[in-house]
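*Asks:* Contents are compact mmCIF, C-alpha atoms; file name upload-v3.txt:
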```
# COMPACT_ATOMS: atom_id res chain seq x y z
CA MET D 1 -27.67 11.09 5.44
CA ALA D 2 -25.20 9.27 3.21
CA THR D 3 -26.13 8.79 -0.43
CA LEU D 4 -26.19 5.40 -2.16
CA ALA D 5 -22.96 6.32 -3.94
CA GLN D 6 -21.31 7.06 -0.59
CA TRP D 7 -22.48 3.75 0.86
CA ILE D 8 -21.02 1.96 -2.15
CA ALA D 9 -17.76 3.89 -1.78
CA GLY D 10 -17.75 3.09 1.95
CA SER D 11 -17.95 -0.62 1.15
CA ARG D 12 -14.54 -0.18 -0.56
CA PRO D 13 -15.31 -2.08 -3.76
CA ARG D 14 -11.64 -2.08 -4.77
CA THR D 15 -10.96 -4.59 -1.99
CA LEU D 16 -13.51 -7.09 -3.34
CA PRO D 17 -11.03 -8.84 -5.67
CA MET D 18 -9.37 -10.10 -2.49
CA ALA D 19 -12.60 -11.91 -1.64
CA VAL D 20 -13.13 -13.36 -5.12
CA ALA D 21 -9.57 -14.61 -5.75
CA PRO D 22 -9.47 -17.41 -3.12
CA VAL D 23 -12.88 -18.71 -4.22
CA VAL D 24 -11.70 -18.93 -7.83
CA ILE D 25 -8.58 -20.82 -6.79
CA GLY D 26 -10.45 -23.09 -4.40
CA SER D 27 -13.04 -23.93 -7.08
CA ALA D 28 -10.31 -24.68 -9.61
CA ALA D 29 -8.65 -26.98 -7.08
CA ALA D 30 -11.99 -28.78 -6.69
CA PHE D 31 -12.16 -29.10 -10.49
CA GLY D 32 -8.69 -30.64 -10.41
CA LEU D 33 -10.04 -33.21 -7.98
CA GLY D 34 -12.99 -33.91 -10.30
CA GLU D 35 -15.51 -32.44 -7.85
CA PHE D 36 -16.33 -28.92 -9.08
CA LYS D 37 -19.83 -27.86 -7.91
CA PRO D 38 -20.97 -24.52 -9.44
CA VAL D 39 -23.73 -23.85 -6.88
CA ASN D 40 -21.33 -24.37 -3.98
CA ALA D 41 -18.79 -22.12 -5.68
CA VAL D 42 -21.34 -19.31 -6.07
CA LEU D 43 -22.39 -19.64 -2.43
CA ALA D 44 -18.74 -19.51 -1.31
CA ALA D 45 -18.25 -16.37 -3.41
CA LEU D 46 -21.28 -14.69 -1.84
CA VAL D 47 -20.03 -15.55 1.64
CA ALA D 48 -16.56 -14.17 0.88
CA LEU D 49 -17.87 -10.96 -0.72
CA LEU D 50 -20.33 -10.25 2.10
CA LEU D 51 -17.68 -10.87 4.75
CA GLN D 52 -15.35 -8.46 2.92
CA VAL D 53 -18.06 -5.78 2.76
CA GLY D 54 -18.90 -6.44 6.41
CA VAL D 55 -15.31 -6.08 7.57
CA ASN D 56 -14.95 -2.88 5.53
CA TYR D 57 -18.00 -1.31 7.19
CA ALA D 58 -16.90 -2.61 10.59
CA ASN D 59 -13.45 -1.09 10.07
CA ASP D 60 -15.07 2.18 8.98
CA TYR D 61 -17.21 2.23 12.14
CA SER D 62 -14.54 1.23 14.65
CA ASP D 63 -11.78 3.46 13.28
CA GLY D 64 -14.27 6.30 12.93
CA ILE D 65 -15.45 6.30 16.54
CA ARG D 66 -11.85 6.01 17.76
CA GLY D 67 -10.80 9.02 15.71
CA THR D 68 -8.30 7.00 13.68
CA ASP D 69 -9.87 8.21 10.42
CA ASP D 70 -10.00 11.90 11.34
CA ASN D 71 -7.04 12.72 9.09
CA ARG D 72 -6.96 9.59 6.96
CA VAL D 73 -5.64 9.59 3.41
CA GLY D 74 -7.36 7.08 1.20
CA PRO D 75 -10.82 5.71 0.38
CA PHE D 76 -13.95 7.51 1.52
CA ARG D 77 -15.00 6.80 5.13
CA LEU D 78 -18.64 7.02 6.13
CA THR D 79 -18.07 7.49 9.87
CA GLY D 80 -14.93 9.58 9.75
CA SER D 81 -16.46 11.97 7.19
CA LYS D 82 -19.69 12.12 9.25
CA ALA D 83 -21.67 11.26 6.12
CA ALA D 84 -23.45 8.55 8.14
CA GLU D 85 -24.16 8.02 11.81
CA PRO D 86 -21.84 5.47 13.47
CA ALA D 87 -24.83 3.32 14.43
CA GLN D 88 -25.90 3.15 10.78
CA VAL D 89 -22.47 1.98 9.65
CA LYS D 90 -22.33 -0.60 12.45
CA ARG D 91 -25.78 -1.85 11.42
CA ALA D 92 -24.64 -2.16 7.79
CA ALA D 93 -21.66 -4.25 8.91
CA PHE D 94 -23.84 -6.68 10.83
CA ILE D 95 -26.37 -6.90 8.00
CA ALA D 96 -23.52 -7.98 5.72
CA PHE D 97 -22.26 -10.46 8.33
CA GLY D 98 -25.78 -11.83 8.79
CA ALA D 99 -26.27 -12.31 5.05
CA ALA D 100 -22.88 -14.04 4.83
CA MET D 101 -23.91 -16.42 7.61
CA VAL D 102 -27.19 -17.25 5.83
CA PHE D 103 -25.42 -18.15 2.59
CA GLY D 104 -22.76 -19.97 4.59
CA LEU D 105 -25.43 -22.05 6.32
CA VAL D 106 -26.90 -23.03 2.96
CA LEU D 107 -23.42 -24.03 1.77
CA VAL D 108 -22.86 -26.12 4.90
CA VAL D 109 -26.20 -27.88 4.44
CA LEU D 110 -25.48 -28.67 0.78
CA SER D 111 -21.99 -29.95 1.49
CA GLN D 112 -22.89 -31.58 4.83
CA THR D 113 -19.78 -30.05 6.38
CA TRP D 114 -21.37 -29.13 9.70
CA TRP D 115 -18.11 -28.48 11.50
CA LEU D 116 -17.56 -25.52 9.15
CA LEU D 117 -20.28 -23.67 11.10
CA LEU D 118 -17.64 -23.05 13.76
CA VAL D 119 -15.23 -21.79 11.11
CA GLY D 120 -17.92 -19.43 9.86
CA LEU D 121 -18.49 -18.02 13.32
CA GLY D 122 -14.73 -17.62 13.66
CA CYS D 123 -14.66 -15.65 10.38
CA VAL D 124 -17.32 -13.23 11.62
CA ALA D 125 -15.59 -12.84 14.99
CA ALA D 126 -12.26 -12.18 13.23
CA ALA D 127 -13.89 -9.68 10.85
CA TRP D 128 -15.36 -7.69 13.74
CA GLY D 129 -12.33 -8.05 16.01
CA TYR D 130 -9.93 -6.54 13.45
CA THR D 131 -10.70 -3.02 14.63
CA GLY D 132 -13.74 -3.59 16.86
CA GLY D 133 -14.07 -4.39 20.56
CA LYS D 134 -11.88 -3.39 23.48
CA ASN D 135 -8.66 -4.96 22.18
CA PRO D 136 -8.78 -4.99 18.37
CA TYR D 137 -6.02 -7.18 17.01
CA GLY D 138 -5.53 -4.84 14.04
CA TYR D 139 -4.19 -2.26 16.53
CA LEU D 140 -1.70 -4.81 17.89
CA GLY D 141 0.04 -5.66 14.61
CA LEU D 142 -1.79 -8.98 14.14
CA GLY D 143 -4.01 -7.96 11.24
CA ASP D 144 -1.61 -9.44 8.69
CA VAL D 145 -1.74 -12.85 10.38
CA PHE D 146 -5.53 -12.94 10.39
CA VAL D 147 -5.79 -11.72 6.79
CA PHE D 148 -3.46 -14.51 5.66
CA VAL D 149 -5.39 -17.11 7.63
CA PHE D 150 -8.94 -16.06 6.77
CA PHE D 151 -8.60 -14.43 3.34
CA GLY D 152 -6.01 -16.95 2.20
CA LEU D 153 -6.17 -20.33 3.88
CA VAL D 154 -9.76 -20.46 5.16
CA ALA D 155 -11.39 -18.92 2.08
CA THR D 156 -9.47 -21.04 -0.44
CA LEU D 157 -9.39 -24.35 1.40
CA GLY D 158 -12.97 -23.93 2.60
CA THR D 159 -14.13 -23.44 -1.00
CA THR D 160 -12.33 -26.58 -2.12
CA TYR D 161 -13.50 -28.67 0.82
CA THR D 162 -17.18 -27.76 0.49
CA GLN D 163 -17.04 -29.10 -3.06
CA ALA D 164 -14.59 -32.01 -2.95
CA LEU D 165 -14.60 -32.92 0.77
CA THR D 166 -10.83 -33.22 0.51
CA LEU D 167 -7.84 -30.99 -0.26
CA SER D 168 -4.97 -31.09 -2.73
CA PRO D 169 -1.43 -29.63 -2.96
CA SER D 170 -2.78 -27.14 -5.51
CA ALA D 171 -5.37 -25.93 -3.01
CA TRP D 172 -2.73 -25.45 -0.32
CA ILE D 173 -0.21 -23.65 -2.57
CA GLY D 174 -2.95 -21.47 -4.06
CA ALA D 175 -4.23 -20.58 -0.59
CA PHE D 176 -0.70 -19.68 0.48
CA GLY D 177 -0.15 -17.48 -2.58
CA THR D 178 -3.41 -15.57 -2.52
CA GLY D 179 -3.07 -15.10 1.25
CA LEU D 180 0.34 -13.50 0.80
CA ILE D 181 -0.96 -11.15 -1.89
CA ALA D 182 -3.84 -10.14 0.38
CA ASP D 183 -1.23 -9.43 3.06
CA ALA D 184 0.77 -7.38 0.55
CA LEU D 185 -2.28 -5.20 -0.10
CA LEU D 186 -2.81 -4.71 3.63
CA MET D 187 0.87 -3.86 4.02
CA ALA D 188 0.69 -1.22 1.26
CA ASN D 189 -2.42 0.25 2.87
CA ASN D 190 -0.77 0.37 6.28
CA VAL D 191 2.48 1.84 4.94
CA ARG D 192 0.41 4.71 3.53
CA ASP D 193 -1.21 5.18 6.94
CA ILE D 194 1.92 4.89 9.12
CA PRO D 195 1.98 8.61 10.11
CA THR D 196 -1.69 8.77 11.17
CA ASP D 197 -1.72 5.29 12.70
CA ARG D 198 1.30 6.07 14.83
CA VAL D 199 -0.37 9.21 16.18
CA SER D 200 -3.67 7.42 16.91
CA GLY D 201 -1.96 4.47 18.62
CA LYS D 202 -2.77 1.93 15.92
CA ARG D 203 0.30 -0.34 16.04
CA THR D 204 -0.04 -2.17 12.73
CA LEU D 205 2.76 -4.43 11.53
CA ALA D 206 3.84 -1.60 9.21
CA VAL D 207 4.12 0.76 12.18
CA ARG D 208 6.13 -1.84 14.10
CA LEU D 209 8.46 -2.64 11.19
CA GLY D 210 8.86 0.96 10.10
CA ASP D 211 8.56 2.44 6.63
CA TYR D 212 11.79 0.99 5.15
CA ARG D 213 11.30 -2.63 6.15
CA SER D 214 7.54 -2.61 5.48
CA ARG D 215 8.08 -1.58 1.87
CA ARG D 216 10.51 -4.43 1.35
CA ALA D 217 8.15 -6.83 3.08
CA TYR D 218 5.51 -5.88 0.49
CA VAL D 219 7.83 -6.76 -2.38
CA GLY D 220 8.86 -10.00 -0.66
CA MET D 221 5.24 -11.06 -0.21
CA LEU D 222 4.48 -10.58 -3.91
CA GLY D 223 7.65 -12.39 -4.94
CA VAL D 224 7.12 -15.41 -2.69
CA ALA D 225 3.45 -15.65 -3.68
CA VAL D 226 4.24 -15.82 -7.39
CA LEU D 227 7.30 -18.07 -7.07
CA SER D 228 5.57 -20.54 -4.73
CA SER D 229 3.52 -21.79 -7.69
CA LEU D 230 6.75 -23.24 -9.11
CA LEU D 231 6.60 -25.93 -6.43
CA LEU D 232 3.81 -27.54 -8.48
CA VAL D 233 5.65 -27.43 -11.83
CA PRO D 234 7.08 -31.00 -11.59
CA TRP D 235 3.47 -32.28 -11.53
CA ASN D 236 1.87 -29.55 -13.60
CA PRO D 237 4.14 -27.64 -16.04
CA TRP D 238 1.26 -25.27 -16.82
CA MET D 239 2.01 -23.57 -13.50
CA LEU D 240 4.83 -21.74 -15.28
CA MET D 241 2.10 -19.44 -16.61
CA VAL D 242 1.88 -17.79 -13.19
CA LEU D 243 5.25 -16.18 -13.97
CA LEU D 244 3.41 -13.99 -16.48
CA LEU D 245 2.45 -11.94 -13.42
CA VAL D 246 6.03 -10.80 -12.83
CA PRO D 247 5.80 -7.74 -15.15
CA ALA D 248 2.55 -6.67 -13.44
CA CYS D 249 4.33 -6.77 -10.07
CA LEU D 250 7.16 -4.48 -11.17
CA THR D 251 5.26 -1.16 -11.14
CA PRO D 252 3.75 -1.42 -7.63
CA ALA D 253 7.06 -2.80 -6.33
CA TRP D 254 8.90 0.18 -7.85
CA LEU D 255 6.40 2.62 -6.32
CA MET D 256 6.82 1.03 -2.89
CA LEU D 257 10.62 0.85 -3.03
CA GLY D 258 10.73 4.37 -4.46
CA GLY D 259 9.29 5.76 -1.25
CA LYS D 260 6.00 7.10 -2.61
CA LYS D 261 3.75 8.34 0.20
CA GLY D 262 0.15 9.25 0.95
CA PRO D 263 -2.24 9.43 -2.03
CA ARG D 264 0.59 8.41 -4.37
CA LEU D 265 0.37 4.90 -2.88
CA ILE D 266 -3.31 4.47 -3.79
CA PRO D 267 -2.40 3.05 -7.26
CA VAL D 268 -0.38 0.37 -5.45
CA LEU D 269 -3.54 -0.79 -3.68
CA GLN D 270 -5.46 -0.94 -6.95
CA GLN D 271 -2.67 -2.77 -8.76
CA THR D 272 -2.22 -5.27 -5.94
CA GLY D 273 -5.92 -6.13 -6.11
CA PHE D 274 -5.61 -6.79 -9.83
CA ILE D 275 -2.45 -8.84 -9.23
CA ASN D 276 -4.44 -11.10 -6.91
CA LEU D 277 -7.13 -11.52 -9.57
CA GLY D 278 -4.44 -12.24 -12.16
CA TYR D 279 -2.80 -14.74 -9.84
CA ALA D 280 -6.14 -16.47 -9.25
CA ALA D 281 -6.90 -16.56 -12.99
CA LEU D 282 -3.51 -17.90 -14.08
CA PHE D 283 -3.18 -20.35 -11.19
CA SER D 284 -6.70 -21.66 -11.78
CA LEU D 285 -6.21 -21.91 -15.55
CA ALA D 286 -3.03 -23.90 -14.93
CA ILE D 287 -4.98 -26.35 -12.75
CA VAL D 288 -7.71 -26.72 -15.39
CA LEU D 289 -5.23 -27.22 -18.25
CA GLY D 290 -3.19 -29.66 -16.15
CA THR D 291 -6.35 -31.63 -15.43
CA VAL D 292 -7.74 -31.63 -18.98
CA PHE D 293 -4.44 -32.27 -20.75
```
What does this structure look like when you write it as structure tokens?
*Replies:*
Amino acid sequence: MATLAQWIAGSRPRTLPMAVAPVVIGSAAAFGLGEFKPVNAVLAALVALLLQVGVNYANDYSDGIRGTDDNRVGPFRLTGSKAAEPAQVKRAAFIAFGAAMVFGLVLVVLSQTWWLLLVGLGCVAAAWGYTGGKNPYGYLGLGDVFVFVFFGLVATLGTTYTQALTLSPSAWIGAFGTGLIADALLMANNVRDIPTDRVSGKRTLAVRLGDYRSRRAYVGMLGVAVLSSLLLVPWNPWMLMVLLLVPACLTPAWLMLGGKKGPRLIPVLQQTGFINLGYAALFSLAIVLGTVF
């Protein structure tokens, strides 16, 4: 039976910044529209965090029963390591999804955005379908598209809309940027796993692009994400602060372009998560300062 520490490790806590970042940006965009609602923001954060934990457990379960994780390099896997029964990991995933849906329902009721119930169901279906089911889209090279859509656009814009009932250019640009950084993290993860994924038949975008082009795609995603904030500078000069992230991007970019492999890419995943938090903090602060001053 898995220990509590192993269950926590299996939830992959280092991926949680990817869930928090879009909520921070979306809430700041709502503040810029004069409609920041703290309770709605907290509910959106809980939904995002629980969905992230759910998709991590679901990925652990699905990859584990397929044998994809048998020789995996990276974070601890509950199913692949046989620390927990597959049914237990699957149950944990659906408990997280269920809790996310409960908090999401409360958020919908408070904001009276009933149509977002369908979006919520789509989020859960996408979270499970990444590696679960008969034809998981993560095995077809479509994971990057869904991560950008759900962990970038949906999470950010949904947070703003459930507070302000409208959207702004800042919300759209912020959603685009944080979505690209989330994709960069997924790309780094999949570059590390190219050898084992290729053997197990998991055709991620990194497998399809190959090692060389995938590493450059990672750097391009980070660069475009940071530089896209400059589109808002004519209306909000504070957005120049986002460029402070450039030095933080240099080390993971160097590691990727330098051809580091296996466990030596794990720091890239950690640093990319912190880059997304830094992006969210600086982008959000720029919105607040632009609104106040």
*Asks:* State, in Å with one decimal place, the distance from atom CA of D:Arg208 to atom CA of D:Leu140.
*Replies:*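 It comes out at 9.2 Å.
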*Asks:* Quick one: residues within 8 Å of D:Leu277, all atoms listed in the file, excluding same-chain residues fewer than 5 positions away - as a list of chain:residue names?
*Replies:* D:Pro17, D:Met18, D:Val20, D:Ala21
*Asks:* Write the residues of the preceding selection, restricted to C-alpha atoms, as an mmCIF file, in the frame of the given file.
*Replies:*
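Full text of out_31.cif as output:
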```cif
data_model
loop_
_atom_site.group_PDB
_atom_site.id
_atom_site.type_symbol
_atom_site.label_atom_id
_atom_site.label_comp_id
_atom_site.auth_asym_id
_atom_site.auth_seq_id
_atom_site.Cartn_x
_atom_site.Cartn_y
_atom_site.Cartn_z
ATOM 1 C CA PRO D 17 -11.030 -8.840 -5.670
ATOM 2 C CA MET D 18 -9.370 -10.100 -2.490
ATOM 3 C CA VAL D 20 -13.130 -13.360 -5.120
ATOM 4 C CA ALA D 21 -9.570 -14.610 -5.750
#
```
*Asks:* Given the choices D:Trp254, D:Tyr218, D:Phe31, D:Tyr57, which gets closest to D:Thr159 if the distance is worked out from all atoms listed in the file?
*Replies:*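 Using all atoms listed in the file, the shortest distance to D:Thr159 belongs to D:Phe31.
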*Asks:* Please indicate the distance in Å from atom CA of D:Arg203 to atom CA of D:Gly129, rounded to one decimal place.
*Replies:* 14.8 Å
*Asks:* Counting only C-alpha atoms, which residue out of D:Val108, D:Val119, D:Ala83, D:Val233 sits closest to D:Ala9?
*Replies:*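 Closest residue, counting only C-alpha atoms: D:Ala83.
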*Asks:* Would you compute the box with edges along x, y and z of the file around stretch 247-265 of chain D, including every atom the file lists for it and 3 Å extra on each side, and give its centre and edge lengths in Å to one decimal, as AutoDock Vina command-line options?
*Replies:*
```
--center_x 4.2 --center_y 0.8 --center_z -7.1 --size_x 19.0 --size_y 23.2 --size_z 22.1
```
*Asks:* Need the shell around D:Leu118: protein/DNA/RNA residues with any atom at most 12 Å away, counting all atoms listed in the file. Skip same-chain ones fewer than 2 positions apart. Format as a PyMOL selection string?
*Replies:* chain D and resi 101+104-105+108+113-116+120-125+154
*Asks:* Produce a file of the selected residues containing C-alpha atoms, as a PDB file, keeping the file's coordinate frame.
*Replies:*
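Final output, part-v6.pdb:
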```pdb
ATOM      1  CA  MET D 101     -23.910 -16.420   7.610  1.00  0.00           C
ATOM      2  CA  GLY D 104     -22.760 -19.970   4.590  1.00  0.00           C
ATOM      3  CA  LEU D 105     -25.430 -22.050   6.320  1.00  0.00           C
ATOM      4  CA  VAL D 108     -22.860 -26.120   4.900  1.00  0.00           C
ATOM      5  CA  THR D 113     -19.780 -30.050   6.380  1.00  0.00           C
ATOM      6  CA  TRP D 114     -21.370 -29.130   9.700  1.00  0.00           C
ATOM      7  CA  TRP D 115     -18.110 -28.480  11.500  1.00  0.00           C
ATOM      8  CA  LEU D 116     -17.560 -25.520   9.150  1.00  0.00           C
ATOM      9  CA  GLY D 120     -17.920 -19.430   9.860  1.00  0.00           C
ATOM     10  CA  LEU D 121     -18.490 -18.020  13.320  1.00  0.00           C
ATOM     11  CA  GLY D 122     -14.730 -17.620  13.660  1.00  0.00           C
ATOM     12  CA  CYS D 123     -14.660 -15.650  10.380  1.00  0.00           C
ATOM     13  CA  VAL D 124     -17.320 -13.230  11.620  1.00  0.00           C
ATOM     14  CA  ALA D 125     -15.590 -12.840  14.990  1.00  0.00           C
ATOM     15  CA  VAL D 154      -9.760 -20.460   5.160  1.00  0.00           C
TER      16      VAL D 154
END
```
*Asks:* Need to verify the contact set: D:Ala155, 8 Å, all atoms listed in the file, exclusion of same-chain residues closer than 2 positions in sequence. Can you return it as a short mmCIF file (atom, residue, chain, number, x, y, z; two decimals) with C-alpha atoms, in the frame of the given file?
*Replies:*
```cif
data_model
loop_
_atom_site.label_atom_id
_atom_site.label_comp_id
_atom_site.auth_asym_id
_atom_site.auth_seq_id
_atom_site.Cartn_x
_atom_site.Cartn_y
_atom_site.Cartn_z
CA PRO D 22 -9.47 -17.41 -3.12
CA VAL D 23 -12.88 -18.71 -4.22
CA GLY D 26 -10.45 -23.09 -4.40
CA ALA D 48 -16.56 -14.17 0.88
CA PHE D 150 -8.94 -16.06 6.77
CA PHE D 151 -8.60 -14.43 3.34
CA GLY D 152 -6.01 -16.95 2.20
CA LEU D 153 -6.17 -20.33 3.88
CA LEU D 157 -9.39 -24.35 1.40
CA GLY D 158 -12.97 -23.93 2.60
CA THR D 159 -14.13 -23.44 -1.00
CA ALA D 175 -4.23 -20.58 -0.59
#
```
*Asks:* Have a look at atom CA of D:Thr156 and atom CA of D:Leu51 and let me know their distance in Å, one decimal.
*Replies:*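 A separation of 14.1 Å between them.
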*Asks:* At a cut-off of 12 Å, using all atoms listed in the file, what residues contact D:Arg264? Leave out same-chain residues fewer than 6 positions from it and give the result as number ranges by chain.
*Replies:* D: 73-74, 188-189, 191-193, 252, 255-256, 258, 270
*Asks:* Would you save the residues of that selection, restricted to C-alpha atoms, as a CSV table (one decimal), keeping the file's coordinate frame?
*Replies:*
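This is the output file selection-v1.csv:
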```csv
chain,number,residue,atom,x,y,z
D,73,VAL,CA,-5.6,9.6,3.4
D,74,GLY,CA,-7.4,7.1,1.2
D,188,ALA,CA,0.7,-1.2,1.3
D,189,ASN,CA,-2.4,0.2,2.9
D,191,VAL,CA,2.5,1.8,4.9
D,192,ARG,CA,0.4,4.7,3.5
D,193,ASP,CA,-1.2,5.2,6.9
D,252,PRO,CA,3.8,-1.4,-7.6
D,255,LEU,CA,6.4,2.6,-6.3
D,256,MET,CA,6.8,1.0,-2.9
D,258,GLY,CA,10.7,4.4,-4.5
D,270,GLN,CA,-5.5,-0.9,-7.0
```
*Asks:* Fewer than 5 positions away in the same chain doesn't count, so skip those; otherwise give me all residues within 9 Å of stretch 52-55 of chain D, counting all atoms listed in the file, as a ChimeraX atom specification.
*Replies:* /D:10-13,15-16,18-19,47,60,92-97,100,124,126-128,130-131
*Asks:* For D:Phe36, which residue out of D:Tyr161, D:Phe274, D:Trp172, D:Tyr212 is the nearest one, using all atoms listed in the file?
*Replies:*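 Ranked by minimum distance to D:Phe36, first place goes to D:Tyr161.
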*Asks:* Smallest atom-to-atom distance to D:Ala164: which of D:Ala225, D:Leu110, D:Leu244, D:Leu186, using all atoms listed in the file?
*Replies:*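 When distances to D:Ala164 are compared using all atoms listed in the file, the smallest one comes from D:Leu110.
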*Asks:* Given the choices D:Val219, D:Leu185, D:Ala84, D:Leu227, which gets closest to D:Arg14 if the distance is worked out from only C-alpha atoms?
*Replies:*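 For D:Arg14, the nearest of the given residues is D:Leu185.
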*Asks:* Is it possible to get the residues within 12 Å of (-5.5, -12.8, -14.3) (coordinates as in the file, counting all atoms listed in the file) written as a PDB file with C-alpha atoms, in the frame of the given file?
*Replies:*
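Dumped everything to point-v3.pdb:
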```pdb
ATOM      1  CA  PRO D  17     -11.030  -8.840  -5.670  1.00  0.00           C
ATOM      2  CA  VAL D  20     -13.130 -13.360  -5.120  1.00  0.00           C
ATOM      3  CA  ALA D  21      -9.570 -14.610  -5.750  1.00  0.00           C
ATOM      4  CA  VAL D  24     -11.700 -18.930  -7.830  1.00  0.00           C
ATOM      5  CA  ILE D  25      -8.580 -20.820  -6.790  1.00  0.00           C
ATOM      6  CA  MET D 241       2.100 -19.440 -16.610  1.00  0.00           C
ATOM      7  CA  VAL D 242       1.880 -17.790 -13.190  1.00  0.00           C
ATOM      8  CA  LEU D 243       5.250 -16.180 -13.970  1.00  0.00           C
ATOM      9  CA  LEU D 244       3.410 -13.990 -16.480  1.00  0.00           C
ATOM     10  CA  LEU D 245       2.450 -11.940 -13.420  1.00  0.00           C
ATOM     11  CA  VAL D 246       6.030 -10.800 -12.830  1.00  0.00           C
ATOM     12  CA  ALA D 248       2.550  -6.670 -13.440  1.00  0.00           C
ATOM     13  CA  GLN D 271      -2.670  -2.770  -8.760  1.00  0.00           C
ATOM     14  CA  THR D 272      -2.220  -5.270  -5.940  1.00  0.00           C
ATOM     15  CA  GLY D 273      -5.920  -6.130  -6.110  1.00  0.00           C
ATOM     16  CA  PHE D 274      -5.610  -6.790  -9.830  1.00  0.00           C
ATOM     17  CA  ILE D 275      -2.450  -8.840  -9.230  1.00  0.00           C
ATOM     18  CA  ASN D 276      -4.440 -11.100  -6.910  1.00  0.00           C
ATOM     19  CA  LEU D 277      -7.130 -11.520  -9.570  1.00  0.00           C
ATOM     20  CA  GLY D 278      -4.440 -12.240 -12.160  1.00  0.00           C
ATOM     21  CA  TYR D 279      -2.800 -14.740  -9.840  1.00  0.00           C
ATOM     22  CA  ALA D 280      -6.140 -16.470  -9.250  1.00  0.00           C
ATOM     23  CA  ALA D 281      -6.900 -16.560 -12.990  1.00  0.00           C
ATOM     24  CA  LEU D 282      -3.510 -17.900 -14.080  1.00  0.00           C
ATOM     25  CA  PHE D 283      -3.180 -20.350 -11.190  1.00  0.00           C
ATOM     26  CA  SER D 284      -6.700 -21.660 -11.780  1.00  0.00           C
ATOM     27  CA  LEU D 285      -6.210 -21.910 -15.550  1.00  0.00           C
ATOM     28  CA  ALA D 286      -3.030 -23.900 -14.930  1.00  0.00           C
TER      29      ALA D 286
END
```
*Asks:* Tell me which residues come within 8 Å of (0.8, -3.2, 10.1), as a list in words, counting all atoms listed in the file in the file's coordinates.
*Replies:*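 Here the neighbourhood of the point contains Gly138, Gly141, Leu142, Gly143, Asp144, Leu186, Met187, Asn190, Val191, Arg203, Thr204, Leu205, Ala206, Val207, Arg208 and Leu209 of chain D.
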